[in-house]
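Structure file entry-v1.txt (compact mmCIF, C-alpha atoms) follows.
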```
# COMPACT_ATOMS: atom_id res chain seq x y z
CA MET A 15 -4.46 -18.23 17.59
CA ALA A 16 -7.11 -18.05 20.30
CA THR A 17 -9.56 -20.94 20.36
CA GLU A 18 -12.09 -19.32 22.70
CA VAL A 19 -14.49 -16.51 21.89
CA LEU A 20 -13.05 -13.24 23.21
CA PRO A 21 -14.31 -9.67 23.01
CA ASP A 22 -12.25 -6.96 21.38
CA ASP A 23 -9.57 -5.43 23.58
CA ARG A 24 -10.80 -2.90 26.11
CA ALA A 25 -8.84 0.03 24.65
CA LEU A 26 -10.20 -0.77 21.18
CA ARG A 27 -13.80 -0.95 22.47
CA VAL A 28 -13.57 2.19 24.58
CA GLY A 29 -12.00 4.31 21.86
CA ARG A 30 -14.64 3.32 19.32
CA ARG A 31 -17.50 3.81 21.74
CA GLU A 32 -16.27 7.28 22.69
CA ARG A 33 -16.24 8.26 19.02
CA ALA A 34 -19.77 6.88 18.55
CA LEU A 35 -21.06 8.83 21.55
CA ALA A 36 -19.34 12.02 20.36
CA HIS A 37 -20.99 11.76 16.96
CA MET A 38 -24.33 10.97 18.55
CA ALA A 39 -24.00 14.31 20.30
CA ALA A 40 -22.95 16.04 17.08
CA HIS A 41 -26.02 14.61 15.30
CA ASP A 42 -28.32 15.25 18.29
CA LEU A 43 -29.20 11.58 18.81
CA ASP A 44 -30.38 10.36 22.20
CA VAL A 45 -30.42 6.68 21.29
CA LEU A 46 -28.90 4.59 18.49
CA VAL A 47 -30.60 1.36 17.48
CA LEU A 48 -28.18 -0.63 15.35
CA GLY A 49 -28.69 -3.65 13.10
CA ARG A 50 -25.71 -3.68 10.75
CA GLU A 51 -23.03 -6.06 11.91
CA ALA A 52 -20.08 -3.67 11.55
CA ASN A 53 -21.87 -0.97 13.55
CA VAL A 54 -22.92 -3.47 16.20
CA ARG A 55 -19.37 -4.66 16.69
CA TYR A 56 -18.07 -1.10 16.66
CA VAL A 57 -20.07 -0.17 19.77
CA THR A 58 -20.25 -3.53 21.57
CA GLY A 59 -16.88 -5.15 20.86
CA THR A 60 -18.57 -8.56 20.67
CA ARG A 61 -18.05 -11.12 17.94
CA SER A 62 -21.09 -12.68 16.37
CA LEU A 63 -21.46 -15.74 14.18
CA TRP A 64 -20.20 -14.98 10.66
CA THR A 65 -22.93 -15.33 8.02
CA ALA A 66 -22.96 -14.74 4.29
CA GLY A 67 -25.60 -12.64 2.62
CA THR A 68 -28.04 -10.09 3.99
CA ARG A 69 -30.24 -10.30 7.04
CA PRO A 70 -33.48 -8.53 7.95
CA PHE A 71 -33.19 -5.61 10.34
CA ALA A 72 -33.30 -6.33 14.04
CA PRO A 73 -32.21 -4.17 16.99
CA ALA A 74 -28.94 -6.04 17.56
CA ALA A 75 -27.46 -3.27 19.74
CA VAL A 76 -28.69 -0.13 21.46
CA LEU A 77 -26.44 2.74 22.58
CA VAL A 78 -27.86 5.35 24.98
CA ARG A 79 -26.09 8.70 24.92
CA ALA A 80 -27.11 9.95 28.37
CA THR A 81 -25.71 6.93 30.20
CA GLY A 82 -23.22 5.56 27.69
CA ALA A 83 -24.85 2.17 28.26
CA VAL A 84 -24.74 -0.56 25.64
CA HIS A 85 -27.49 -3.16 25.32
CA ALA A 86 -26.96 -6.12 23.00
CA LEU A 87 -28.87 -8.94 21.36
CA MET A 88 -27.11 -12.03 22.72
CA THR A 89 -28.51 -15.37 23.83
CA TRP A 90 -25.31 -16.30 25.67
CA ASP A 91 -22.56 -14.44 27.50
CA GLU A 92 -19.52 -16.10 25.92
CA GLY A 93 -17.25 -13.34 24.65
CA LEU A 94 -19.24 -10.68 26.49
CA PRO A 95 -17.10 -7.66 27.49
CA ASP A 96 -17.04 -6.90 31.20
CA ASP A 97 -18.41 -3.40 30.54
CA ILE A 98 -21.72 -4.81 29.27
CA PRO A 99 -23.55 -6.34 32.26
CA ARG A 100 -25.61 -9.46 31.68
CA GLU A 101 -28.80 -7.58 32.52
CA HIS A 102 -28.15 -5.47 29.41
CA LEU A 103 -28.61 -8.50 27.17
CA TYR A 104 -31.86 -9.46 25.48
CA GLY A 105 -32.50 -12.66 23.59
CA LEU A 106 -33.50 -13.64 20.09
CA THR A 107 -37.25 -13.85 19.57
CA TRP A 108 -39.68 -14.63 16.78
CA ASN A 109 -42.41 -12.46 18.30
CA PRO A 110 -41.94 -8.81 17.23
CA MET A 111 -43.74 -7.54 20.32
CA ASN A 112 -41.04 -9.13 22.47
CA TRP A 113 -38.59 -6.72 20.81
CA VAL A 114 -40.81 -3.83 21.87
CA THR A 115 -40.87 -5.09 25.45
CA ALA A 116 -37.07 -5.48 25.48
CA LEU A 117 -36.51 -1.97 24.13
CA GLN A 118 -39.04 -0.48 26.55
CA GLY A 119 -37.00 -1.90 29.39
CA ILE A 120 -33.87 0.05 28.40
CA GLU A 121 -33.31 3.18 30.44
CA GLY A 122 -33.53 6.22 28.19
CA THR A 123 -35.70 4.88 25.36
CA GLY A 124 -38.93 6.11 26.94
CA THR A 125 -37.69 9.71 27.24
CA ALA A 126 -35.57 9.92 24.07
CA LEU A 127 -36.51 12.71 21.66
CA ARG A 128 -34.39 11.62 18.70
CA VAL A 129 -33.64 7.97 17.93
CA GLY A 130 -31.40 6.98 15.04
CA THR A 131 -31.28 3.64 13.27
CA ASP A 132 -28.65 2.47 10.78
CA SER A 133 -31.32 0.64 8.77
CA ILE A 134 -34.93 -0.26 9.30
CA SER A 135 -37.77 -2.35 7.90
CA PRO A 136 -41.44 -1.38 7.50
CA LEU A 137 -42.31 -3.57 10.49
CA PHE A 138 -39.81 -1.94 12.82
CA ALA A 139 -40.80 1.50 11.57
CA GLN A 140 -44.13 0.71 13.23
CA LEU A 141 -42.70 -1.02 16.32
CA LEU A 142 -39.98 1.42 17.38
CA PRO A 143 -42.42 4.26 18.16
CA MET A 144 -44.04 1.93 20.69
CA ALA A 145 -40.71 1.57 22.50
CA CYS A 146 -39.72 5.22 22.05
CA PRO A 147 -43.08 7.06 22.20
CA LYS A 148 -41.64 10.59 22.44
CA ALA A 149 -38.96 10.17 19.80
CA GLU A 150 -38.54 11.28 16.22
CA LEU A 151 -37.03 8.42 14.21
CA VAL A 152 -34.11 9.58 12.06
CA ASP A 153 -31.28 8.12 10.00
CA GLY A 154 -28.46 7.19 12.37
CA GLU A 155 -26.09 5.87 9.72
CA PRO A 156 -24.44 9.30 9.06
CA ALA A 157 -23.37 9.44 12.72
CA MET A 158 -21.87 5.95 12.55
CA ARG A 159 -20.13 6.68 9.25
CA ALA A 160 -18.63 9.84 10.71
CA ALA A 161 -17.38 7.88 13.71
CA ARG A 162 -15.92 5.01 11.69
CA ARG A 163 -14.24 7.03 8.94
CA VAL A 164 -11.40 8.12 11.26
CA LYS A 165 -9.58 5.29 13.01
CA THR A 166 -8.39 5.26 16.59
CA ALA A 167 -4.77 4.31 17.34
CA GLU A 168 -5.97 0.89 18.49
CA GLU A 169 -7.86 0.37 15.23
CA ILE A 170 -4.70 1.06 13.25
CA VAL A 171 -2.98 -1.69 15.27
CA ALA A 172 -5.85 -4.05 14.42
CA LEU A 173 -5.55 -3.15 10.73
CA ARG A 174 -1.80 -3.82 10.78
CA GLU A 175 -2.44 -7.25 12.26
CA SER A 176 -4.98 -8.05 9.54
CA LEU A 177 -2.66 -6.79 6.82
CA ALA A 178 0.21 -8.89 8.16
CA VAL A 179 -1.85 -12.05 7.56
CA ALA A 180 -2.93 -10.86 4.11
CA GLU A 181 0.64 -10.09 3.06
CA ALA A 182 2.08 -13.35 4.39
CA SER A 183 -0.63 -15.25 2.51
CA LEU A 184 0.12 -13.31 -0.67
CA ALA A 185 3.82 -14.16 -0.45
CA THR A 186 3.02 -17.85 -0.05
CA ALA A 187 0.83 -17.84 -3.17
CA VAL A 188 3.32 -15.84 -5.28
CA ALA A 189 6.00 -18.43 -4.43
CA GLU A 190 3.85 -21.04 -6.21
CA LEU A 191 3.51 -19.03 -9.44
CA ARG A 192 4.91 -20.71 -12.55
CA PRO A 193 3.66 -21.65 -16.03
CA GLY A 194 1.25 -24.55 -15.86
CA VAL A 195 -0.14 -23.83 -12.40
CA THR A 196 -3.86 -23.15 -12.17
CA GLU A 197 -5.66 -20.13 -10.75
CA GLN A 198 -7.55 -22.51 -8.46
CA HIS A 199 -4.30 -23.87 -7.03
CA LEU A 200 -2.95 -20.39 -6.35
CA THR A 201 -6.25 -19.45 -4.70
CA GLY A 202 -6.16 -22.55 -2.51
CA VAL A 203 -2.57 -21.91 -1.45
CA LEU A 204 -3.38 -18.33 -0.45
CA LEU A 205 -6.50 -19.25 1.50
CA GLU A 206 -4.71 -22.12 3.22
CA ALA A 207 -1.92 -19.76 4.28
CA ALA A 208 -4.47 -17.28 5.64
CA ALA A 209 -6.16 -20.05 7.64
CA ALA A 210 -2.77 -21.12 9.00
CA GLY A 211 -2.32 -17.49 10.06
CA GLY A 212 -5.52 -17.68 12.08
CA VAL A 213 -8.00 -16.22 9.59
CA SER A 214 -10.58 -18.39 7.85
CA THR A 215 -12.76 -15.52 6.57
CA PRO A 216 -11.62 -14.08 3.21
CA ALA A 217 -12.44 -10.47 2.38
CA THR A 218 -12.51 -10.99 -1.40
CA GLN A 219 -13.96 -13.61 -3.70
CA GLU A 220 -11.32 -13.23 -6.39
CA VAL A 221 -7.81 -14.20 -5.32
CA ALA A 222 -5.66 -15.03 -8.37
CA TRP A 223 -6.34 -14.68 -12.07
CA VAL A 224 -4.58 -14.32 -15.41
CA ASN A 225 -5.07 -10.82 -16.82
CA SER A 226 -6.48 -10.68 -20.33
CA ARG A 227 -4.22 -9.40 -23.10
CA ASP A 228 -7.24 -8.52 -25.26
CA HIS A 229 -9.60 -6.62 -22.92
CA PRO A 230 -9.00 -4.49 -19.84
CA TRP A 231 -10.61 -5.59 -16.58
CA ARG A 232 -11.16 -9.13 -17.76
CA LYS A 233 -9.69 -12.50 -17.02
CA ALA A 234 -7.92 -14.30 -19.81
CA GLY A 235 -10.29 -16.59 -21.68
CA THR A 236 -8.40 -19.72 -20.72
CA ASP A 237 -9.03 -22.85 -18.69
CA GLY A 238 -7.59 -21.14 -15.64
CA ARG A 239 -4.09 -22.40 -16.29
CA VAL A 240 -1.21 -19.91 -16.24
CA GLY A 241 0.80 -19.74 -19.46
CA PRO A 242 4.26 -18.40 -20.33
CA GLY A 243 4.42 -14.60 -20.27
CA ASP A 244 1.10 -14.20 -18.47
CA LEU A 245 0.62 -11.42 -15.95
CA VAL A 246 -1.15 -12.85 -12.89
CA ALA A 247 -2.99 -10.61 -10.44
CA PHE A 248 -3.26 -11.51 -6.76
CA THR A 249 -5.62 -9.85 -4.30
CA SER A 250 -5.17 -11.05 -0.75
CA GLY A 251 -7.90 -9.96 1.64
CA VAL A 252 -8.73 -11.23 5.10
CA VAL A 253 -11.13 -10.30 7.90
CA ALA A 254 -9.10 -10.59 11.10
CA GLY A 255 -10.68 -9.45 14.35
CA GLY A 256 -13.43 -7.88 12.26
CA TYR A 257 -10.99 -5.65 10.36
CA ILE A 258 -10.44 -6.01 6.62
CA GLY A 259 -6.86 -6.08 5.39
CA GLU A 260 -6.19 -6.05 1.64
CA VAL A 261 -3.15 -6.02 -0.60
CA GLY A 262 -2.91 -6.55 -4.35
CA ARG A 263 0.04 -7.38 -6.60
CA THR A 264 0.70 -8.54 -10.17
CA TRP A 265 3.55 -10.89 -11.07
CA PRO A 266 4.75 -12.31 -14.40
CA SER A 267 4.44 -16.07 -14.56
CA ASP A 268 7.99 -16.80 -15.74
CA GLY A 269 10.15 -13.80 -14.91
CA GLY A 270 8.57 -11.85 -17.75
CA ASP A 271 11.54 -9.61 -18.34
CA SER A 272 10.42 -8.23 -21.71
CA PRO A 273 10.49 -4.58 -22.87
CA ASP A 274 6.68 -4.45 -23.04
CA ILE A 275 6.21 -5.78 -19.52
CA ARG A 276 8.90 -3.49 -18.12
CA ALA A 277 7.20 -0.50 -19.78
CA LEU A 278 3.84 -1.50 -18.30
CA TYR A 279 5.28 -1.71 -14.79
CA ARG A 280 6.88 1.71 -15.23
CA ARG A 281 3.46 3.10 -16.17
CA TRP A 282 2.03 1.60 -13.00
CA ALA A 283 4.82 3.12 -10.92
CA ASP A 284 4.14 6.56 -12.44
CA LEU A 285 0.43 6.21 -11.71
CA TRP A 286 1.08 5.05 -8.16
CA GLY A 287 3.32 8.03 -7.49
CA GLY A 288 0.42 10.34 -8.31
CA LEU A 289 -2.04 8.33 -6.22
CA TYR A 290 0.28 8.37 -3.23
CA ASP A 291 0.86 12.12 -3.54
CA ALA A 292 -2.93 12.63 -3.57
CA CYS A 293 -3.24 11.00 -0.12
CA ARG A 294 -2.78 14.27 1.76
CA PRO A 295 -4.76 15.47 4.79
CA GLY A 296 -7.31 18.07 3.73
CA ALA A 297 -7.07 17.17 0.05
CA PRO A 298 -10.26 16.43 -1.90
CA ALA A 299 -10.76 12.76 -2.65
CA ALA A 300 -11.21 13.83 -6.29
CA ASP A 301 -7.42 14.22 -6.46
CA LEU A 302 -7.21 10.42 -6.48
CA LEU A 303 -9.32 10.35 -9.63
CA ALA A 304 -7.28 13.17 -11.12
CA ALA A 305 -4.11 11.13 -10.62
CA TYR A 306 -5.29 8.74 -13.33
CA ASP A 307 -5.91 11.63 -15.72
CA THR A 308 -2.49 13.13 -14.97
CA ALA A 309 -0.82 9.78 -15.69
CA GLY A 310 -2.81 9.43 -18.91
CA GLU A 311 -4.55 6.28 -17.71
CA PRO A 312 -8.31 5.60 -17.99
CA LEU A 313 -10.22 5.42 -14.74
CA PRO A 314 -11.08 1.91 -13.61
CA PRO A 315 -14.72 0.82 -13.24
CA MET A 316 -14.13 -0.18 -9.60
CA PRO A 317 -13.27 2.20 -6.73
CA VAL A 318 -9.89 3.87 -6.91
CA ALA A 319 -9.95 4.09 -3.11
CA ARG A 320 -12.21 3.00 -0.29
CA GLY A 321 -12.05 2.97 3.46
CA LEU A 322 -10.62 0.04 5.39
CA GLY A 323 -12.01 -0.91 8.75
CA LEU A 324 -14.93 -2.91 10.09
CA GLY A 325 -16.67 -3.72 6.83
CA PHE A 326 -17.09 -0.99 4.24
CA ASP A 327 -15.97 2.27 5.77
CA PRO A 328 -16.10 5.66 4.06
CA PRO A 329 -14.92 7.14 1.83
CA VAL A 330 -15.62 5.43 -1.49
CA VAL A 331 -13.80 7.16 -4.36
CA ALA A 332 -14.96 5.95 -7.77
CA SER A 333 -15.35 7.27 -11.30
CA GLY A 334 -19.12 6.88 -11.01
CA LEU A 335 -19.24 9.19 -7.96
CA PRO A 336 -17.44 12.36 -9.10
CA GLN A 337 -19.53 14.76 -6.99
CA THR A 338 -19.05 12.66 -3.88
CA ALA A 339 -15.29 12.59 -4.51
CA ALA A 340 -15.21 16.37 -4.98
CA GLU A 341 -17.02 16.97 -1.69
CA GLU A 342 -15.07 14.38 0.31
CA ARG A 343 -11.96 15.53 2.18
CA LEU A 344 -9.23 13.20 3.40
CA GLU A 345 -8.63 13.40 7.13
CA PRO A 346 -5.82 12.21 9.40
CA GLY A 347 -6.75 8.78 10.71
CA MET A 348 -8.43 7.56 7.53
CA ALA A 349 -7.23 4.18 6.26
CA LEU A 350 -7.69 3.54 2.55
CA ALA A 351 -7.27 0.69 0.12
CA VAL A 352 -5.91 2.49 -2.97
CA THR A 353 -5.82 0.72 -6.34
CA GLY A 354 -3.63 1.46 -9.33
CA TYR A 355 -4.39 -0.32 -12.61
CA VAL A 356 -2.83 -0.07 -16.06
CA TRP A 357 -3.41 -2.22 -19.14
CA GLN A 358 -1.77 -2.66 -22.51
CA GLU A 359 -3.23 -4.61 -25.41
CA GLY A 360 -1.17 -7.65 -26.21
CA VAL A 361 0.60 -7.51 -22.84
CA GLY A 362 -2.02 -7.59 -20.09
CA ALA A 363 -2.56 -5.59 -16.93
CA VAL A 364 -0.72 -4.60 -13.79
CA LEU A 365 -2.88 -4.19 -10.69
CA GLY A 366 -1.47 -2.99 -7.41
CA ARG A 367 -3.45 -2.32 -4.24
CA GLU A 368 -1.94 -0.68 -1.18
CA ALA A 369 -3.27 0.12 2.29
CA VAL A 370 -2.56 3.77 3.08
CA LEU A 371 -2.99 5.66 6.33
CA ILE A 372 -3.64 9.39 6.12
CA THR A 373 -1.60 11.16 8.81
CA ALA A 374 -1.21 14.80 9.80
CA ASP A 375 2.07 14.85 7.87
CA GLY A 376 0.93 13.03 4.74
CA ALA A 377 0.51 9.40 3.71
CA GLU A 378 1.95 6.30 5.36
CA LEU A 379 2.02 2.91 3.65
CA LEU A 380 0.63 0.14 5.83
CA THR A 381 1.53 -2.53 3.26
CA SER A 382 5.08 -3.62 2.48
CA SER A 383 4.75 -6.55 0.05
CA PRO A 384 7.34 -6.32 -2.72
CA HIS A 385 6.44 -5.53 -6.32
CA TRP A 386 7.97 -7.30 -9.31
CA LYS A 387 10.99 -5.44 -10.58
CA PRO A 388 12.69 -6.08 -13.93
```
Turn the structure described in the file into structure tokens.
Amino acid sequence: MATEVLPDDRALRVGRRERALAHMAAHDLDVLVLGREANVRYVTGTRSLWTAGTRPFAPAAVLVRATGAVHALMTWDEGLPDDIPREHLYGLTWNPMNWVTALQGIEGTGTALRVGTDSISPLFAQLLPMACPKAELVDGEPAMRAARRVKTAEEIVALRESLAVAEASLATAVAELRPGVTEQHLTGVLLEAAAAGGVSTPATQEVAWVNSRDHPWRKAGTDGRVGPGDLVAFTSGVVAGGYIGEVGRTWPSDGGDSPDIRALYRRWADLWGGLYDACRPGAPAADLLAAYDTAGEPLPPMPVARGLGLGFDPPVVASGLPQTAAEERLEPGMALAVTGYVWQEGVGAVLGREAVLITADGAELLTSSPHWKP
């Protein structure tokens, strides 16, 4: 595990930046002013301090299409890639007019005709026209989403590295599962294993819980202690190198080899077969929703599939977004976290989450953690 602050690998940075510039051209954007952390890292390759919660908009990175130049908000040069010269850095300031001065000094902003931002505040809606006097301000997020939805080969490598930590952590936690252990202990074991693997930033807040036998999509109403015959769900998620890796599994607490539990796992396997078959290039994302209907299972309230990458990448396939799912098409290079969930009253639930890569030939599993088998 590296102890110093390093930028993302050159090939990873260059591939992402080329995609961003290509989609700037496709969306007729001369300049992109970015404030969302995932977008900033996508084009700069720099690592910023991790913070929880939301932040107000600020021009944390600027990408100029004509020159390909990147300008970044950094008050130090530790971890600065060698393709971003120090003179392209501008510092943090409390005076909004200093932002205007910094942006005015960037080659291309004064002549730009269309400037996109991935978010904006009322204040910066007034300030940006001062820095880009000839420009029409437009939504730049569609260009960034289009760039990020399809992963480069180097991004797939980064995702595999993140998933390797997530899966190793999951295995460590599952090895501790037995009646009498607490959900908190299992959570601590998994997070400790992830930290030992070099990742101290979890991607999910829920790690291990006992599935309710009385209500779907609920925890058991217990003191957090695992009992005999309980089905325990694990979701292991880490943010390694900026990339989110997730895997989910459900294991019986004590072997659980009962006819009801075996039948529930067979239902999950049938559902998963349909979900996997739906991960085809060119297929509508709605086929993932239809897989639940074909298997005779109710749709879950959370997304059936969502993009993996730097933060929340498209697509998001959920029961509450049927029109979006119908219009969305799966493309080679998309990486998805796909969730299968089945529940039976009196037994509990089986949740399984896999990372899937859409390829030109079909689907490829990026996760390899074992499932419980009777």
Which residue, A:Pro298, A:Gly194, A:Pro384, A:Gly238, has the smallest gap to Val261 in chain A when you use all atoms listed in the file? A:Pro384
Report as a tab-separated table: every residue of range 81-191 of chain A with an atom at most 8 Å from range 44-58 of chain A, its closest pair of atoms, and their distance in Å to one decimal, counting only C-alpha atoms, with rows sorted by chain and ascending residue number.
```
residue	atom	partner	partner_atom	distance
A:Val84	CA	A:Thr58	CA	6.7
A:Ala86	CA	A:Thr58	CA	7.3
A:Pro95	CA	A:Thr58	CA	7.9
A:Ile98	CA	A:Thr58	CA	7.9
A:Gly122	CA	A:Val45	CA	7.6
A:Thr123	CA	A:Val45	CA	6.9
A:Ala126	CA	A:Asp44	CA	5.5
A:Leu127	CA	A:Asp44	CA	6.6
A:Arg128	CA	A:Asp44	CA	5.5
A:Val129	CA	A:Val45	CA	4.8
A:Gly130	CA	A:Leu46	CA	4.9
A:Thr131	CA	A:Val47	CA	4.8
A:Asp132	CA	A:Leu48	CA	5.5
A:Ser133	CA	A:Gly49	CA	6.6
A:Gly154	CA	A:Leu46	CA	6.7
A:Met158	CA	A:Asn53	CA	7.0
```
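Nearest-residue note for His385 in chain A: choosing from A:Val78, A:Ala247, A:Cys146, A:Val152, the minimum distance belongs to A:Ala247, counting all atoms listed in the file.
Note that the spacing between CA of Tyr290 in chain A and CA of Ala157 in chain A amounts to 28.5 Å.
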As JSON, please report the centre and edge lengths, rounded to one decimal in Å, of the axis-aligned box that holds all listed atoms of range 310-317 of chain A with 8 Å of padding on each of the six sides.
```
{"center_x": -8.8, "center_y": 4.6, "center_z": -12.8, "size_x": 27.9, "size_y": 25.6, "size_z": 28.2}
```
As a PyMOL selection string, please: the residues near Phe138 in chain A (cut-off 12 Å, only C-alpha atoms, same-chain neighbours under 2 positions excluded). chain A and resi 47-49+70-73+110-111+113-114+117+131+133-136+140-146+151
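With only C-alpha atoms as the atoms that count, the minimum distance from Ser382 in chain A to the choices A:Val331, A:Leu184, A:Leu289, A:Val361 is reached by A:Leu184.
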Point-to-point distance in Å for CA of Gly243 in chain A and CA of Ala189 in chain A: 16.4 Å
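The protein and nucleic acid residues lying at most 10 Å from Ala178 in chain A are Ala172, Leu173, Arg174, Ala182, Ser183, Leu184, Ala208, Gly211, Val252, Ala254, Gly259, Glu260, Val261, Leu380, Thr381, Ser382 and Ser383 of chain A, with all atoms listed in the file considered and sequence neighbours fewer than 4 positions away removed.
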Take the point (-9.1, -15.9, 16.1) as written in the file and pick out every residue within 12 Å of it, counting all atoms listed in the file; give the list as a VMD selection string. chain A and resid 15 to 22 61 175 to 176 179 208 to 215 252 to 257
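You can rank A:Ser267, A:Thr81, A:Ser62, A:Asn109 by their closest distance to Val195 in chain A using all atoms listed in the file, and at the top of that list sits A:Ser267.
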Missing atoms in range 277-288 of chain A should be modelled up to N, CA and C atoms and reported as a compact mmCIF listing (two decimals), in the coordinates of the input.
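As written to disk, out_12.txt reads:
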```txt
# COMPACT_ATOMS: atom_id res chain seq x y z
N ALA A 277 7.85 -1.80 -19.53
CA ALA A 277 7.20 -0.50 -19.78
C ALA A 277 5.87 -0.41 -19.05
N LEU A 278 5.13 -1.51 -18.98
CA LEU A 278 3.84 -1.50 -18.30
C LEU A 278 4.02 -1.28 -16.80
N TYR A 279 5.02 -1.92 -16.22
CA TYR A 279 5.28 -1.71 -14.79
C TYR A 279 5.75 -0.28 -14.51
N ARG A 280 6.48 0.31 -15.43
CA ARG A 280 6.88 1.71 -15.23
C ARG A 280 5.65 2.62 -15.27
N ARG A 281 4.70 2.32 -16.15
CA ARG A 281 3.46 3.10 -16.17
C ARG A 281 2.73 2.98 -14.84
N TRP A 282 2.69 1.77 -14.29
CA TRP A 282 2.03 1.60 -13.00
C TRP A 282 2.76 2.41 -11.92
N ALA A 283 4.07 2.38 -11.93
CA ALA A 283 4.82 3.12 -10.92
C ALA A 283 4.55 4.62 -11.03
N ASP A 284 4.46 5.13 -12.26
CA ASP A 284 4.14 6.56 -12.44
C ASP A 284 2.76 6.88 -11.90
N LEU A 285 1.79 6.01 -12.21
CA LEU A 285 0.43 6.21 -11.71
C LEU A 285 0.41 6.15 -10.19
N TRP A 286 1.09 5.18 -9.61
CA TRP A 286 1.08 5.05 -8.16
C TRP A 286 1.70 6.27 -7.48
N GLY A 287 2.72 6.83 -8.07
CA GLY A 287 3.32 8.03 -7.49
C GLY A 287 2.31 9.15 -7.36
N GLY A 288 1.45 9.32 -8.38
CA GLY A 288 0.42 10.34 -8.31
C GLY A 288 -0.66 10.01 -7.29
```
